[in-house]
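This report refers to the structure that appears directly beneath it.
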There are 2 protein chains.
Amino acid sequence: MQKPPSESASVLPGPLLAPRSVAIVGQSDDPGKTAGRPLKLLRQAGFAGHVYPVNARRQTVLGERAWPSLAALPEPPEHVYVVTPADAAVEAVEEAGALGVKVATVLADGFAEAGEAGAARVARLRAIAEATGIRIVGPSSLGVVNLRDKMLLTANAAFDEPELPAGHMFAASHSGSMIGALLSRGKARFLGFAGLISVGNEIDLSLGEICAATLDDAAIHGYLLFLESLRHAQALRAFALAAAERGKPVVAYKLGRSAPARELALSHTGALAGEDDIAGAFLADCGIARVDTLEGLVEVLPLLARVPPAKDNRRRSVGVITTTAGGATMVVDPLAMRGVEIRPPSAETLTNLAAAGVEVKPARLIDLTMAGTRYEAMKSALDIASAAPELDLVLAVVGSSARFHPELAVKPIIDSAGSAKPIAAYLVPDAPQALAALGAAGVPNFRTPEACADAVAAALKRRVPRALPGRAQRAGDRIRALDALAAGKLIERLGIAVAPAVAIDADIASAPALPFPYPVAVKALAAEIAHKTDLGGVALGVPDGEALLAAIGTIRRNLARHRPPASIERVLVQPMVPGLGEVLIGYRLDRDAGPLVMVAAGGVLTEIYRDRSLRLAPVDLAVAHEMIAEVRALLPLAGYRGQPHGDLGALAQGIVALSTLAQADESVIEAEINPLIVRADGQGVVAVDALVTLAA
Amino acid sequence: MQKPPSESASVLPGPLLAPRSVAIVGQSDDPGKTAGRPLKLLRQAGFAGHVYPVNARRQTVLGERAWPSLAALPEPPEHVYVVTPADAAVEAVEEAGALGVKVATVLADGFAEAGEAGAARVARLRAIAEATGIRIVGPSSLGVVNLRDKMLLTANAAFDEPELPAGHMFAASHSGSMIGALLSRGKARFLGFAGLISVGNEIDLSLGEICAATLDDAAIHGYLLFLESLRHAQALRAFALAAAERGKPVVAYKLGRSAPARELALSHTGALAGEDDIAGAFLADCGIARVDTLEGLVEVLPLLARVPPAKDNRRRSVGVITTTAGGATMVVDPLAMRGVEIRPPSAETLTNLAAAGVEVKPARLIDLTMAGTRYEAMKSALDIASAAPELDLVLAVVGSSARFHPELAVKPIIDSAGSAKPIAAYLVPDAPQALAALGAAGVPNFRTPEACADAVAAALKRRVPRALPGRAQRAGDRIRALDALAAGKLIERLGIAVAPAVAIDADIASAPALPFPYPVAVKALAAEIAHKTDLGGVALGVPDGEALLAAIGTIRRNLARHRPPASIERVLVQPMVPGLGEVLIGYRLDRDAGPLVMVAAGGVLTEIYRDRSLRLAPVDLAVAHEMIAEVRALLPLAGYRGQPHGDLGALAQGIVALSTLAQADESVIEAEINPLIVRADGQGVVAVDALVTLAA
């Protein structure tokens with residue numbers, strides 16, 4: 001239902017964010033009520049465009065003339081905010097569409113999250129949009145705000161703000177309340193917004209499409225997204241890639257790491273939230289920095305503006321300069337837990353520090369100590385660390401002096417703001433004046449050690465997004481499974497070694513000749529039986545022909561015992577493949593994120609620990625190696641505690657090969673090799689079993 | 001070296017925290033210097049006691065008479081703050097001790113963290129304390145502060161504060177900088193302190209001893225600890241138990257979850273930091289709430305004052321009332337990740353809400369929605385939730401209205417402050433006035449969703465501490481290992497079933513008669529060989545007598561091949577013990593925490609995932625079951641995804657039995673059963689191998 005970007009370009013961003021005229025349908029006369037706020041806020045802020053309150057039951061609202069209907073207005077407004085309940089809202093949008101209104105924003109709930117009646121309303125709104133070309137924000141939208149033009153088309157009480165913090169961030173949120181939280185929390189940090197939008201249920205205009213429409217606005221320097229789930233992912237991706245091309249950073253906070261939070265996304269918006277690590281892989285692939293803390297979300301953009309996204313997968317590192325080791329370690333601890341390397345100064349850096357008269361002990365932190373809380377010491381240390389090739393970012397942590405004596409250790413940070421290397425600051429005490437001065441100088445600064453670590457880790461991990469190869473839409477939704485033999489052939493065509501296998505009639509009376517020696521594995525061969533092992537459909541280490549016949553009999557009996565009973569005509573016989581370990585690699589066409597590739601250790605513990613690494617497919621060898629390193633259960637194959645090394649090079653090649661399925665075969669919805677046997681270094685990997693599901 | 005509490009009682013807390021006279025040795029004339037601060041701060045605050053600046057090189061400092069030495073003073077001061085460098089500091093403490101000064105606080109570093117020279121200085125200070133009875137705070141102490149008496153004996157710049165926030169919290173910190181951070185961040189939250197102390201290296205007075213000395217001060221309502229590592233744990237424990245008896249809550253933030261942070265504790269204080277989960281188990285056992293965020297540390301005490309520690313291990317649950325589902329989920333997500341149950345309202349609670357005219361959808365949150373942002377709705381919801389038996393704590397999350405319209409949804413929280421059930425508040429926007437009003441009304445309130453979740457989880461998990469049974473000091477430090485046979489006997493005496501075993505001469509020429517059937521396990525029998533499997537000293541599933549002889553030969557050859565070569569005279573032969581799973585249970589006398597009991601799944605993955613559960617020993621059955629539930633790798637034994645149930649009751653009994661080692665045998669330093677075979681439900685557990693280390 002979404003229109004291609006070229007079409008949206010004609011109505012966005014003008015009528016959406018900078019309309020010359022707006023109407024509020026359902027404007028109340030009571031400024032304390034939700035429906036009373038939009039007019040009050042627009043007037044209070046001094047919006048220069050035409051404003052038409054529409055209220056059929058009153059002559060005036062808040063002292064202004066109230067119009068009986070949209071049709072009665074002297075002109076069709078460009079943007080209508082509909083603040084009536086759901087059914088009336090649908091009618092208002094219909095009227096607006098018929099009048100040629102460009103954008104309607106709908107406040108009411110009672111749509112996507114509201115069962116059958118809600119779904120019918122959604123369908124009607126979409127039909128109106130289709131028929132009339134009107135674009136819809138919401139429903140469940142708390143509004144659209146453009147602070148430069150004082151266009152406060154919102155019912156959010158937090159915009160009842162005496163001095164609105166206009167600036168250069170643009171915020172888009174699934175939660176309407178959060179635009180108020182971001183505005184006020186940004187203001188408290190001297191950070192301002194160009195605009196904020198509550199996108200609601202996104203039944204027409206998605207968050208990605210809206211943000212994309214604002215990309216050419218030179219006053220917008222970066223984007224701040226609050227996501228309840230991953231929805232309309234491809235529009236989000238298109239926006240993120242275009243933002244990256246323009247050098248505009250994007251940061252997202254996403255709910256849903258825990259099951260209760262995912263459950264909420266469902267009850268709140270009717271959208272089923274996918275698995276959080278899939279969303280994480282998706283955001284990372286799009287070059288969107290992801291933060292885990294609210295303060296990190298509000299505070300990180302200035303840092304992202306300084307730390308360009310990485311072009312490769314080299315791990316970037318932080319150098320820490322501090323006057324308080326204890327205070328600095330409060331940041332180091334969560335940074336290290338996020339996998340960021342805190343790099344000790346090199347011998348050369350230590351020499352340079354000593355030459356500049358800055359005495360520090362060789363340790364992970366450049367600890368000036370309280371005794372070194374002097375302008376010259378801090379400035380020299382910052383200059384030397386900024387020039388140190390081993391560091392990608394310098395973090396300055398200042399202790400108690402920051403509160404009343406910023407001239408000692410905060411001023412040098414401000415004076416180093418133009419340094420070639422990004423510098424971030426965390427002040428240990430409550431030090432509002434020093435933070436304001438840092439902010440005014442453009443130095444990224446943080447109020448809590450947790451937000452600081454969150455933001456620094458997000459900035460260092462951010463990468464330049466890739467343009468993924470295109471992929472045609474798959475034919476249909478009907479799906480069918482391949483049997484193990486056919487699945488193996490498909491895997492083999494990708495260039496992944498597959499264990500030899502012969503299919504044998506399950507009715508045979510005497511042991512067959514096999515093209516490989518015993519012992520062998522015997523497996524039920526039937527596309528319908530996905531979990532063969534659970535059903536007793538697998539026998540391993542079968543030593544000879546007699547045992548093979550016995551195993552076939554046992555497998556048939558096991559399958560027959562199940563409800564519903566399964567019967568098989570053939571079994572698959574393979575040689576036992578020895579190796580150092582077993583790995584699961586998978587490919588999946590995710591509903592939201594698109595083609596994904598996954599690595600895990602397989603088995604029940606992997607599932608319990610959620611120990612897997614995911615990327616958008618396809619991936620290259622470097623990324624495949626990175627994925628292997630992320631799966632903790634694979635550490636033993638990398639020689640952990642003296643264990644023999646597995647052929648991780650071949651494993652990486654297997655991951656790359658599987659990840660190309662998106663291009664190699666568009667009909668594949670899911671493919672899983674489990675187990676892939678990893679042999680000793682130099683001896684490759686062998687797929688022993690595979691599941692493949694196709695769109696039919 | 002530490003004196004027993006009875007002896008400290010005579011000098012603490014008076015001379016430490018409320019001295020009638022103080023001297024500053026090394027007071028500088030420059031108030032901008034560290035050594036210039038104490039006199040300036042004392043005068044600025046208006047301390048009423050005698051203050052004697054000592055500076056042998058000047059007639060005056062900061063316009064006051066400077067005394068040439070402590071001996072020249074008209075009276076021996078009760079408390080001396082020594083702000084000279086290390087060697088001069090030792091001399092000053094010696095002089096002070098000789099004069100009968102009660103307490104000396106030492107600022108200098110160059111002691112415990114400073115190699116041999118530092119160790120010599122520490123030894124001298126301890127000898128002085130021993131000889132003269134003077135008690136020492138530090139070294140590396142930024143000072144001691146008593147805000148009621150304006151006793152600012154500190155060099156921390158953050159105390160250069162126009163209006164000091166006097167109040168009822170007492171803060172003790174390993175990091176000197178942090179007392180400034182706590183003071184200023186507390187002030188920004190309208191939370192005040194009775195006193196703050198930077199305990200430094202704790203070479204004499206430990207943090208626990210200092211805090212214990214203040215327990216009878218009725219003006220102190222709770223304690224806030226900043227820990228770099230777990231040191232002087234038994235003094236900390238004694239304090240925590242005494243605080244619990246008086247109903248005074250204690251909260252700790254502890255650094256060192258990551259390896260770089262533990263490394264820092266070493267370089268900073270010379271103390272080797274133990275494993276973080278041991279510290280966690282220790283703090284929990286002492287009834288100390290542990291938080292992970294700085295804001296949580298500052299903000300949690302009012303909540304702890306409302307949420308009494310639990311008397312049993314029932315999981316306590318939170319009910320969430322909100323006007324913004326998105327904002328509330330920002331708290332729910334981290335709460336759920338911390339294992340806190342967010343309990344949906346019961347059918348009865350929903351009925352009560354409906355009867356009161358509060359319409360909410362049946363869901364996990366009581367979501368009033370923006371439309372329900374009214375005083376009456378929030379007040380009714382709070383009253384009903386506070387009375388709901390299914391909830392232990394009510395969390396109110398208020399959206400944008402909190403900023404400018406606290407009368408709508410914040411006021412009802414304030415009016416419910418006296419509710420029988422604890423209510424905590426998180427405001428989604430920046431809303432300083434509303435937070436101040438909540439604070440003034442005594443409602444625990446939080447500024448970030450992360451600190452809120454951190455604090456609520458810490459409060460709900462806090463338990464009444466136990467008085468552990470006493471344990472004599474062990475005889476010596478020399479240690480020796482038992483061989484597997486002797487270790488098995490010791491385990492059996494605890495009441496844990498051990499697999500039958502016979503010791504066989506490794507030189508035997510023909511297969512022996514065994515008291516159990518084949519297949520068997522064969523293991524090298526020698527106390528010196530701890531990692532038998534790694535050395536090829538174990539053979540499993542040996543099918544018959546011939547294979548047994550061959551296995552013994554192989555084991556001997558394997559051991560002989562190693563460097564240094566090991567030889568054995570006997571092997572241990574056991575039947576193979578089938579079961580559903582293998583578990584590792586361990587006992588250890590930890591240097592800091594004391595006797596510990598541990599459960600893990602054993603094997604390399606357990607180590608990689610750090611998937612283990614720890615408690616101070618001994619434990620009871622309820623706690624043992626809780627431990628089992630905490631080890632994720634044991635989920636399959638609990639029937640995860642249809643797997644057969646293991647005998648977890650017997651496993652719990654085994655854990656309890658092993659945990660009694662602290663009482664049963666004082667000489668045991670470490671005992672590990674690995675593996676303990678868990679059989680099907682009702683069939684018990686069997687120890688197959690054990691390691692025991694004794695103090696000789």
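How things are named: the first chain in the structure tokens is A, the next is B, and so on; residues count from 1 in each chain; ligands count from 1 in the order shown.
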Non-local contacts of Glu299 (chain A) (9 Å; only C-alpha atoms; under 2 positions in same chain excluded) as JSON, numbers by chain: {"A": [186, 189, 191, 294, 295, 296, 297, 301, 302, 303, 444, 445, 446, 447, 451, 452, 455]}
Expected file contents, prior selection, N, CA and C atoms, as a PDB file, in the first residue's frame:
```pdb
ATOM      1  N   GLY A 186      15.897  16.718  25.834  1.00  0.00           N
ATOM      2  CA  GLY A 186      16.855  17.400  24.961  1.00  0.00           C
ATOM      3  C   GLY A 186      17.070  18.828  25.442  1.00  0.00           C
ATOM      4  N   ARG A 189      19.392  19.410  28.100  1.00  0.00           N
ATOM      5  CA  ARG A 189      20.785  19.212  27.685  1.00  0.00           C
ATOM      6  C   ARG A 189      21.223  20.214  26.630  1.00  0.00           C
ATOM      7  N   LEU A 191      20.003  20.669  23.802  1.00  0.00           N
ATOM      8  CA  LEU A 191      19.951  20.055  22.485  1.00  0.00           C
ATOM      9  C   LEU A 191      18.577  20.324  21.895  1.00  0.00           C
ATOM     10  N   LEU A 294      17.786   5.606  27.550  1.00  0.00           N
ATOM     11  CA  LEU A 294      17.075   6.803  27.110  1.00  0.00           C
ATOM     12  C   LEU A 294      18.021   7.991  27.038  1.00  0.00           C
ATOM     13  N   GLU A 295      18.874   8.136  28.062  1.00  0.00           N
ATOM     14  CA  GLU A 295      19.811   9.257  28.054  1.00  0.00           C
ATOM     15  C   GLU A 295      20.786   9.132  26.883  1.00  0.00           C
ATOM     16  N   GLY A 296      21.188   7.911  26.600  1.00  0.00           N
ATOM     17  CA  GLY A 296      22.083   7.690  25.459  1.00  0.00           C
ATOM     18  C   GLY A 296      21.421   8.155  24.174  1.00  0.00           C
ATOM     19  N   LEU A 297      20.147   7.869  24.036  1.00  0.00           N
ATOM     20  CA  LEU A 297      19.412   8.281  22.831  1.00  0.00           C
ATOM     21  C   LEU A 297      19.422   9.800  22.694  1.00  0.00           C
ATOM     22  N   LEU A 301      23.746  12.018  19.558  1.00  0.00           N
ATOM     23  CA  LEU A 301      23.936  12.551  18.199  1.00  0.00           C
ATOM     24  C   LEU A 301      25.193  13.413  18.024  1.00  0.00           C
ATOM     25  N   PRO A 302      25.511  14.300  18.975  1.00  0.00           N
ATOM     26  CA  PRO A 302      26.752  15.055  18.790  1.00  0.00           C
ATOM     27  C   PRO A 302      27.979  14.147  18.673  1.00  0.00           C
ATOM     28  N   LEU A 303      27.962  13.025  19.361  1.00  0.00           N
ATOM     29  CA  LEU A 303      29.086  12.094  19.248  1.00  0.00           C
ATOM     30  C   LEU A 303      29.086  11.418  17.876  1.00  0.00           C
ATOM     31  N   PRO A 444      30.725  16.335  22.663  1.00  0.00           N
ATOM     32  CA  PRO A 444      29.739  15.345  23.113  1.00  0.00           C
ATOM     33  C   PRO A 444      29.935  15.076  24.598  1.00  0.00           C
ATOM     34  N   ASN A 445      28.875  15.181  25.381  1.00  0.00           N
ATOM     35  CA  ASN A 445      29.023  15.021  26.822  1.00  0.00           C
ATOM     36  C   ASN A 445      27.867  14.233  27.388  1.00  0.00           C
ATOM     37  N   PHE A 446      28.107  13.576  28.517  1.00  0.00           N
ATOM     38  CA  PHE A 446      27.172  12.616  29.074  1.00  0.00           C
ATOM     39  C   PHE A 446      27.037  12.825  30.565  1.00  0.00           C
ATOM     40  N   ARG A 447      25.835  12.537  31.077  1.00  0.00           N
ATOM     41  CA  ARG A 447      25.543  12.815  32.489  1.00  0.00           C
ATOM     42  C   ARG A 447      25.644  11.583  33.364  1.00  0.00           C
ATOM     43  N   ALA A 451      24.971   6.010  30.261  1.00  0.00           N
ATOM     44  CA  ALA A 451      24.654   6.607  28.967  1.00  0.00           C
ATOM     45  C   ALA A 451      25.932   6.857  28.180  1.00  0.00           C
ATOM     46  N   CYS A 452      26.986   7.237  28.876  1.00  0.00           N
ATOM     47  CA  CYS A 452      28.261   7.493  28.210  1.00  0.00           C
ATOM     48  C   CYS A 452      28.778   6.216  27.548  1.00  0.00           C
ATOM     49  N   ALA A 455      26.544   5.237  24.583  1.00  0.00           N
ATOM     50  CA  ALA A 455      26.725   6.079  23.403  1.00  0.00           C
ATOM     51  C   ALA A 455      28.069   5.823  22.734  1.00  0.00           C
TER      52      ALA A 455
END
```
Go through chain B residue by residue and, counting only C-alpha atoms, keep those with an atom at most 6 Å from chain A; for each kept residue give the shortest atom pair and its distance in Å to one decimal, ordered by chain and increasing number, as a tab-separated table.
```
residue	atom	partner	partner_atom	distance
B:Ala157	CA	A:Ser401	CA	5.2
B:Ala158	CA	A:Ser400	CA	4.8
B:Ser175	CA	A:Gly326	CA	5.3
B:Ser177	CA	A:Gly399	CA	5.9
B:Gly180	CA	A:Ser400	CA	5.5
B:Ala181	CA	A:Pro429	CA	3.8
B:Ser184	CA	A:Asp430	CA	5.2
B:Arg185	CA	A:Asp430	CA	5.0
B:Ser258	CA	A:Asp333	CA	5.4
B:Ala261	CA	A:Asp333	CA	5.5
B:Gly326	CA	A:Ser175	CA	5.3
B:Thr329	CA	A:Ala261	CA	6.0
B:Asp333	CA	A:Ser258	CA	5.4
B:Met337	CA	A:Ser258	CA	6.0
B:Gly399	CA	A:Ser177	CA	5.9
B:Ser400	CA	A:Ala158	CA	4.8
B:Ser401	CA	A:Ala157	CA	5.2
B:Val428	CA	A:Ala181	CA	5.6
B:Pro429	CA	A:Ala181	CA	3.8
B:Asp430	CA	A:Arg185	CA	5.0
```
Take the residues that were just selected and, keeping C-alpha atoms, output them as a PDB file, in the first residue's frame.
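Output below, filename again.pdb:
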```pdb
ATOM      1  CA  ALA B 157      36.578  20.002  45.475  1.00  0.00           C
ATOM      2  CA  ALA B 158      32.892  19.146  45.221  1.00  0.00           C
ATOM      3  CA  SER B 175      36.873   6.057  45.563  1.00  0.00           C
ATOM      4  CA  SER B 177      36.138  11.295  43.969  1.00  0.00           C
ATOM      5  CA  GLY B 180      31.793  14.434  45.655  1.00  0.00           C
ATOM      6  CA  ALA B 181      29.726  12.831  42.927  1.00  0.00           C
ATOM      7  CA  SER B 184      26.277  16.779  44.219  1.00  0.00           C
ATOM      8  CA  ARG B 185      24.039  14.244  42.499  1.00  0.00           C
ATOM      9  CA  SER B 258      34.469  -6.582  33.509  1.00  0.00           C
ATOM     10  CA  ALA B 261      37.640  -2.860  35.812  1.00  0.00           C
ATOM     11  CA  GLY B 326       5.739   3.179  25.368  1.00  0.00           C
ATOM     12  CA  THR B 329       7.857  -0.322  28.554  1.00  0.00           C
ATOM     13  CA  ASP B 333      12.150  -4.078  29.400  1.00  0.00           C
ATOM     14  CA  MET B 337      15.830  -8.546  31.789  1.00  0.00           C
ATOM     15  CA  GLY B 399       4.023  10.695  30.439  1.00  0.00           C
ATOM     16  CA  SER B 400       4.238  14.213  29.065  1.00  0.00           C
ATOM     17  CA  SER B 401       1.637  15.706  31.404  1.00  0.00           C
ATOM     18  CA  VAL B 428       9.023  10.060  31.219  1.00  0.00           C
ATOM     19  CA  PRO B 429       9.690  13.715  30.328  1.00  0.00           C
ATOM     20  CA  ASP B 430      12.174  15.986  32.028  1.00  0.00           C
TER      21      ASP B 430
END
```
Point-to-point distance in Å for CA of Ala218 (chain B) and CA of Val251 (chain B):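 Result for CA of Val251 (chain B) versus CA of Ala218 (chain B): 18.1 Å, one decimal.
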Shell of 12 Å around Asp87 (chain A), only C-alpha atoms, local chain residues under 5 positions omitted, as a list of chain:residue names: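 The contact residues come out as A:Val82, A:Ala92, A:Val93, A:Glu94, A:Val106, A:Leu107, A:Ala108, A:Asp109, A:Gly110, A:Phe111, A:Ala117, A:Gly118, A:Ala120, A:Arg121, A:Val122, A:Arg124, A:Leu125, A:Pro139.
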Generate the output file for the selected residues, C-alpha atoms, as a compact mmCIF listing (two decimals), in the first residue's frame.
```
# COMPACT_ATOMS: atom_id res chain seq x y z
CA VAL A 82 -8.07 14.84 13.23
CA ALA A 92 -13.05 13.36 8.52
CA VAL A 93 -10.20 11.78 6.54
CA GLU A 94 -12.66 10.86 3.82
CA VAL A 106 -5.10 10.94 13.02
CA LEU A 107 -4.99 10.95 16.85
CA ALA A 108 -7.58 8.30 17.67
CA ASP A 109 -6.81 4.76 18.63
CA GLY A 110 -9.21 1.96 17.71
CA PHE A 111 -7.47 0.87 14.52
CA ALA A 117 -13.70 -3.33 13.85
CA GLY A 118 -10.29 -1.68 13.94
CA ALA A 120 -12.15 -2.49 8.97
CA ARG A 121 -11.35 1.15 9.83
CA VAL A 122 -7.77 0.64 8.70
CA ARG A 124 -11.25 2.17 4.88
CA LEU A 125 -8.48 4.68 5.57
CA PRO A 139 -3.67 6.58 13.58
```
Write out as a short mmCIF file (atom, residue, chain, number, x, y, z; two decimals) with N, CA, C and O atoms, in the first residue's frame the residues lying within 10 Å of Lys248 (chain A), counting only C-alpha atoms and excluding same-chain residues fewer than 3 positions away.
```cif
data_model
loop_
_atom_site.label_atom_id
_atom_site.label_comp_id
_atom_site.auth_asym_id
_atom_site.auth_seq_id
_atom_site.Cartn_x
_atom_site.Cartn_y
_atom_site.Cartn_z
N LEU A 215 15.13 14.46 4.28
CA LEU A 215 16.58 14.36 4.17
C LEU A 215 17.24 15.56 3.50
O LEU A 215 18.41 15.86 3.77
N ALA A 218 18.52 21.00 4.99
CA ALA A 218 19.89 21.21 5.47
C ALA A 218 19.94 21.53 6.96
O ALA A 218 20.97 21.36 7.60
N ILE A 220 18.43 19.91 9.21
CA ILE A 220 18.38 18.67 10.00
C ILE A 220 19.74 17.97 9.90
O ILE A 220 20.19 17.62 8.82
N HIS A 221 20.37 17.81 11.06
CA HIS A 221 21.72 17.24 11.07
C HIS A 221 21.76 15.78 11.46
O HIS A 221 22.78 15.12 11.28
N GLY A 222 20.69 15.29 12.06
CA GLY A 222 20.72 13.90 12.49
C GLY A 222 19.34 13.46 12.96
O GLY A 222 18.47 14.29 13.24
N TYR A 223 19.16 12.14 13.06
CA TYR A 223 17.86 11.56 13.35
C TYR A 223 17.91 10.68 14.58
O TYR A 223 18.87 9.94 14.79
N ALA A 240 17.69 5.02 5.89
CA ALA A 240 18.99 4.98 6.58
C ALA A 240 20.13 5.07 5.56
O ALA A 240 21.14 5.75 5.79
N LEU A 241 19.99 4.39 4.43
CA LEU A 241 21.06 4.42 3.43
C LEU A 241 21.19 5.81 2.81
O LEU A 241 22.30 6.31 2.60
N ALA A 242 20.03 6.44 2.59
CA ALA A 242 20.08 7.79 2.02
C ALA A 242 20.66 8.78 3.03
O ALA A 242 21.42 9.69 2.67
N ALA A 243 20.33 8.58 4.31
CA ALA A 243 20.89 9.45 5.35
C ALA A 243 22.41 9.28 5.42
O ALA A 243 23.16 10.26 5.55
N ALA A 244 22.86 8.04 5.31
CA ALA A 244 24.30 7.77 5.36
C ALA A 244 25.01 8.45 4.19
O ALA A 244 26.09 9.02 4.35
N GLU A 245 24.39 8.42 3.03
CA GLU A 245 25.00 9.08 1.85
C GLU A 245 25.20 10.57 2.10
O GLU A 245 26.14 11.17 1.64
N LEU A 301 23.75 12.02 19.56
CA LEU A 301 23.94 12.55 18.20
C LEU A 301 25.19 13.41 18.02
O LEU A 301 25.90 13.25 17.03
N LEU A 304 27.91 11.01 17.42
CA LEU A 304 27.84 10.37 16.10
C LEU A 304 28.29 11.33 15.01
O LEU A 304 28.86 10.92 14.00
N ALA A 305 28.03 12.63 15.22
CA ALA A 305 28.47 13.61 14.23
C ALA A 305 29.99 13.66 14.16
O ALA A 305 30.56 14.02 13.13
N PRO A 308 32.80 9.09 12.53
CA PRO A 308 32.21 8.59 11.28
C PRO A 308 32.00 7.09 11.36
O PRO A 308 32.69 6.40 12.11
#
```
Test item: residues at most 7 Å from region 380-395 of chain A, only C-alpha atoms, excluding those fewer than 2 positions along its chain, as a list in words: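 With the cut-off at 7 Å, the set is Arg316, Ser317, Val318, Gly319, Val320, Ile321, Thr349, Asn352, Leu353, Ala356, Glu376, Ala377, Met378, Val397, Ser419, Ala420, Lys421, Pro422, Ile423, Ala424 and Ala425 of chain A.
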Expected answer as a ChimeraX atom specification: strand (DSSP E or B) residues in region 625-694 of chain B: /B:646,668-678,680,685-687,690-694
Shell of 12 Å around Val498 (chain A), only C-alpha atoms, local chain residues under 2 positions omitted, as a PyMOL selection string: chain A and resi 484-496+500-501+574-575+577+654+673-678+684-690
Could you pull the residues within 7 Å of Val631 (chain A), counting only C-alpha atoms, minus those fewer than 5 positions along the same chain, as a short mmCIF file (atom, residue, chain, number, x, y, z; two decimals) with all heavy atoms, in the first residue's frame?
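Generated file (result_8.cif):
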```cif
data_model
loop_
_atom_site.label_atom_id
_atom_site.label_comp_id
_atom_site.auth_asym_id
_atom_site.auth_seq_id
_atom_site.Cartn_x
_atom_site.Cartn_y
_atom_site.Cartn_z
N ALA A 600 25.18 -20.63 14.75
CA ALA A 600 24.99 -21.00 16.15
C ALA A 600 25.67 -22.34 16.36
O ALA A 600 26.12 -22.98 15.40
CB ALA A 600 23.51 -21.07 16.49
N ASP A 611 22.60 -18.02 21.95
CA ASP A 611 23.98 -17.76 21.55
C ASP A 611 24.07 -17.94 20.04
O ASP A 611 24.36 -19.04 19.56
CB ASP A 611 24.90 -18.73 22.29
CG ASP A 611 26.36 -18.49 21.99
OD1 ASP A 611 26.70 -17.40 21.48
OD2 ASP A 611 27.16 -19.40 22.26
N ARG A 612 23.77 -16.89 19.31
CA ARG A 612 23.82 -16.99 17.86
C ARG A 612 24.25 -15.64 17.30
O ARG A 612 24.13 -14.62 17.96
CB ARG A 612 22.45 -17.39 17.31
CG ARG A 612 21.36 -16.37 17.59
CD ARG A 612 20.01 -16.87 17.11
NE ARG A 612 19.04 -15.78 17.05
CZ ARG A 612 17.78 -15.93 16.66
NH1 ARG A 612 17.34 -17.11 16.28
NH2 ARG A 612 16.97 -14.91 16.62
N SER A 613 24.74 -15.66 16.10
CA SER A 613 25.12 -14.42 15.44
C SER A 613 24.33 -14.30 14.15
O SER A 613 24.20 -15.26 13.41
CB SER A 613 26.63 -14.43 15.14
OG SER A 613 26.96 -13.28 14.39
#
```
Selected residue, from B:Glu672, B:Asp505, B:Glu75, B:Asp592, that lies nearest to Val573 (chain B) when counting only C-alpha atoms: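 Closest to Val573 (chain B), using only C-alpha atoms: B:Asp505.
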Which of region 24-195 of chain A DSSP labels alpha helix (DSSP H), written as a PyMOL selection string: chain A and resi 37-45+86-99+115-132+176-188
Interatomic distance (Å, one decimal) between CA of Arg135 (chain A) and CA of Leu589 (chain A):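 CA of Arg135 (chain A) sits 29.7 Å away from CA of Leu589 (chain A).
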Å distance separating CA of Gly586 (chain A) from CA of Leu614 (chain A), one decimal place: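 Distance reported for this atom pair: 9.3 Å.
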